[in-house]
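In what follows, a single structure is set out as C-alpha cells and then discussed.
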Amino acid sequence: MKLLQRIWISAAVAMGADAPVTFNKDVLPVLQANCQVCHRPGEVAPMSLMTYAEARPYARAMKNAVVTGKMPPWFADKNVGHFKNDKTLSADAVRVLSAWADAGAPEGNGKDKPAARAFNSGWNIKPDVVVEMPKPFELPAKGTINYKFVVVKTNFDRDMWVSAAEMRAGNTEVLHHGKVWVRPPGSQWLSKAVYGEAYEVETQRDIIGRNAGEEGNDILGKFNPGLGPQYFDSEGAAKFIPKGSDLVFELHYTTNGKNPTSDASKVGFVLAKNPPKTRYYFNPGPTALNLAIPARDGNAEVVSEITVQQDMKLVYAQPHMHVRGKDFELRLIYPTGEMQSVLKGKWDFEWQMGYEFEKPIVMPKGTRMVAISHFDNSANNRFNPDPAAKVIWGPQNWDEMSNVFIGVTFDVNIDPNVVFGRSGPSNLPRGDSGPTLSALQLK
Ligand code: HEC
C-alpha cells in the first residue's frame, strides 16, 4: 500500500500535477542562467526574455529551440574536448522549459521569483579602461562596405597587463564583426592611416591581419554575435599592451538596406592585479590562404598548418569560415608523431563561436597545428551565392576563408614574432582544390 502510494505520488510530481512548473519558480532561473546574456535589451538576440510578459509569447518557441538544441547556440562535437564555456543546457533545464510550455506557460507565485539578474550597464565585464572610436562611422542605406580600419591614439602612458576585454558594437544592426588590435610603438602596420579616420587597406594581406600577425601585434578584443567577452587569465596569464600603443578597430559593416545609419564601437578591458609570468597571445592560427574550392563541390576539403616554435599552451580556439563552411576540426600533431583532435564541430555562419579549453593543452616546440574544414559549394547549400564559382580566399562573404584563431600562453620573455611558422599544406601554391589531408606529411 505504501509502495503504491509512493509510486502514485512520484508519477503525479513527474506529471506536474502536484507542483506545476511555473515561470517564477522554475523557468526564470533557467533563463537567467542560460539565456539572458543574449536575450536582453541591446544584446544580439531579437527578443528580451527578462520578464514573464516578455517570455510568455515565446513559450512554445523556447521549448522547440531547446529540445532541438538550437538554443543556446553551441556547435562543438560532444565527443571531442571539454570546454569551459560549453553552453549546453542540462537535461533538467530542457525538461523545465518543455513542461512549462506544455502546461500553458503559467506565471506562478510572485514570492517564488528570484531577484533579477544584474548585468553591468551594457558590459559583461567591469572595465577599468574604455576606448571608443573618436567619431562615428557613417553608413549609407545600401551597398557593400569594405573592411574599415580606425586607428585610435590612446596616450597610454605605461605598460599594461590585461586580464579580460570586451569589444562592443555601437550599432549591432550594422557591425557584422570587428576586432580591436594593439599596435605597439614602432609598428609599420597601417602607417598611412590618419588617426580617427576610417581607412581601407590596400592589400588582402593587410585585410586578414597577416602584417599585424607577422609583426607580433596582438588582438585585444573581438566582437561577433554570441562571442561575449574574452578572458586572458588562464593560469594567471594576461595580455600585454606596451606603453604608447595605438588601438586599431577593424570593422566589417553591412548596410541595413533601409536607411543611413552610424556606428561608434568601443572596447573595454580589465587590468591584471599583478604582472604575470605568462603572456596570453591571440593569433590567426593555421590559415589556408591558398585554398581553392571547386565549383559545385558539395564537400570540399581544405587543410592548413602552422608549427609552434616555442613551448606554449593552447587555451582557446575559434574556427572561421564564410557561408559555404560545413564543419571544422583542429588537430595537433606532437613532435612524437602522436596526433590528437582537440576541437571538432558543425559550422554555422551566423555564429562565430569561440571555444575555451577546460584545461590548457600543452604544445611543446615542434607541435603542428592542423585545421581541417569542409565546404558545401553545391546548389544544396541555401546560403551559396554562386555554386558555379571556383572560390578562393578573400574577405567578403562570397569569398571563403579557412582558419582557426587561437589563444595561447607562453613565457612573458618570449617575442611573439617568433612563436609560429607556416608549414606543410599552408606552404603549397594554390591548386584547383584543397589543399587536402593528402598534403599532410605524416611521419
Ligand atoms: C549566445 C547568445 C544566445 C544565447 C545564450 C541564447 N540565445 Fe536564443 N537567440 C539568440 C539569437 C541571436 C537569436 C536569433 C537568431 C536565431 O534564431 O538563430 C536567438 C533566437 C532564439 C529563439 C527564436 C528561435 C527561432 O527558431 O526562431 C528562441 C525561442 C530562443 N532564442 C530562445 C533561447 C533560450 C530559451 C535560451 C536559453 C536556454 C537562449 N535562446 C539562449 C541568441 C542567444
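By convention in this document, the chains of the C-alpha cells carry letters A, B, ... by their order, each chain's residues are numbered from 1, and ligands are numbered from 1 in the order they are shown.
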Surrounding residues as a list in words, ligand 1, max 6 Å, only C-alpha atoms and all ligand atoms: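 Those residues are Leu31, Asn34, Cys35, Val37, Cys38, Val44, Ala45, Pro46, Tyr58, Ala61, Met62, Ala65, Met71, Pro72, Pro73 and Gly226 of chain A.
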Using C-alpha atoms, can you write the selected residues to a file as a PDB file, in the first residue's frame?
ATOM      1  CA  LEU A  31      16.565  31.961 -18.390  1.00  0.00           C
ATOM      2  CA  ASN A  34      21.437  30.441 -19.733  1.00  0.00           C
ATOM      3  CA  CYS A  35      19.603  32.882 -21.950  1.00  0.00           C
ATOM      4  CA  VAL A  37      23.174  37.061 -21.503  1.00  0.00           C
ATOM      5  CA  CYS A  38      21.938  37.418 -25.109  1.00  0.00           C
ATOM      6  CA  VAL A  44      22.385  40.112 -30.011  1.00  0.00           C
ATOM      7  CA  ALA A  45      19.105  38.192 -29.685  1.00  0.00           C
ATOM      8  CA  PRO A  46      15.971  39.588 -31.349  1.00  0.00           C
ATOM      9  CA  TYR A  58       7.785  32.524 -26.723  1.00  0.00           C
ATOM     10  CA  ALA A  61       9.334  28.609 -29.460  1.00  0.00           C
ATOM     11  CA  MET A  62      11.625  28.234 -26.428  1.00  0.00           C
ATOM     12  CA  ALA A  65      14.621  25.794 -29.551  1.00  0.00           C
ATOM     13  CA  MET A  71      19.448  27.280 -28.279  1.00  0.00           C
ATOM     14  CA  PRO A  72      21.692  28.062 -26.585  1.00  0.00           C
ATOM     15  CA  PRO A  73      23.969  28.043 -29.640  1.00  0.00           C
ATOM     16  CA  GLY A 226      27.362  35.440 -29.497  1.00  0.00           C
TER      17      GLY A 226
END
Could you list, with a cut-off of 12 Å and counting only C-alpha atoms, the residues of segment 368-402 of chain A near segment 424-429 of chain A, each shown with its nearest atom pair and the distance in Å rounded to one decimal, rows sorted by chain and ascending number, as a tab-separated table?
residue	atom	partner	partner_atom	distance
A:Arg368	CA	A:Gly424	CA	9.0
A:Met369	CA	A:Gly424	CA	10.1
A:Val370	CA	A:Pro425	CA	9.1
A:Ala371	CA	A:Ser426	CA	10.1
A:Ile372	CA	A:Pro425	CA	10.8
A:Ser402	CA	A:Ser426	CA	11.0
Using only C-alpha atoms: which of A:Pro134, A:Trp74, A:Asn259, A:Val151 has the shortest distance to Gln352 of chain A: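 Once distances to Gln352 of chain A are computed over only C-alpha atoms, the minimum belongs to A:Trp74.
DSSP on the backbone gives alpha helix (DSSP H) for these parts of segment 71-320 of chain A: Ala91, Asp92, Ala93, Val94, Arg95, Val96, Leu97, Ser98, Ala99, Trp100, Ala101, Asp102, Gln204, Arg205, Asp206, Ile207, Arg210, Asn211, Ala212, Gly213, Glu214 and Glu215 of chain A.
With only C-alpha atoms as the atoms that count, the residue of A:Ile241, A:Ala115, A:Ala198, A:Val267 with the shortest distance to Asn155 of chain A is A:Ile241.
Nearest to Lys273 of chain A of all the residues A:Ala164, A:Val67, A:Met363, A:Ile306 is A:Ala164, based on only C-alpha atoms.
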Test item: residues at most 8 Å from segment 220-224 of chain A, only C-alpha atoms, excluding those fewer than 6 positions along its chain, as a list in words: Ala165, Glu166, Met167, Arg168, Ala169, His176, His177, Gly178, Lys179, Val180, Trp181, Val182, Gln230, Lys239, Val267, Trp351, Gln352 and Met353 of chain A
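Shortest atom-to-atom contact with Ile406 of chain A among A:Ser341, A:Thr22, A:Ser438, A:Asn283: A:Asn283, counting only C-alpha atoms.
Straight-line separation from atom CA of Pro114 of chain A to atom CA of Gln32 of chain A: 9.4 Å.
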Nearest candidate to Ala264 of chain A (options A:Arg324, A:Arg331, A:Arg95, A:Lys135; using only C-alpha atoms): A:Lys135
Who sits within 12 Å of segment 416-422 of chain A, only C-alpha atoms, same chain under 3 positions skipped, as an MDAnalysis selection string: chainID A and resid 210:218 239:240 278:290 304:313 363:370 406 408:413 425:428
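Each of A:Met321, A:Val303, A:Ala193, A:Ala116 was compared to Asp376 of chain A using only C-alpha atoms, and A:Met321 turns out to be the nearest.
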Segment 91-311 of chain A: residues DSSP assigns to strand (DSSP E or B), reported as an MDAnalysis selection string: chainID A and resid 120 123 129:132 137:139 144 148:153 160:168 175:183 198:199 218:223 230:231 238:241 246:254 261:263 266:271 278:283 287 292:293 300:308
Which residues, written as a short mmCIF file (atom, residue, chain, number, x, y, z; two decimals) with C-alpha atoms, in the first residue's frame, have at least one atom at most 8 Å from Ala105 of chain A, with only C-alpha atoms counted and residues fewer than 5 positions away on the same chain left out?
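Written out: result-v8.cif:
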data_model
loop_
_atom_site.label_atom_id
_atom_site.label_comp_id
_atom_site.auth_asym_id
_atom_site.auth_seq_id
_atom_site.Cartn_x
_atom_site.Cartn_y
_atom_site.Cartn_z
CA THR A 22 5.81 27.95 -13.19
CA PHE A 23 7.69 30.86 -14.67
CA ARG A 56 5.25 34.25 -22.25
CA ALA A 59 6.92 29.54 -24.51
CA TRP A 100 6.19 24.94 -18.79
#
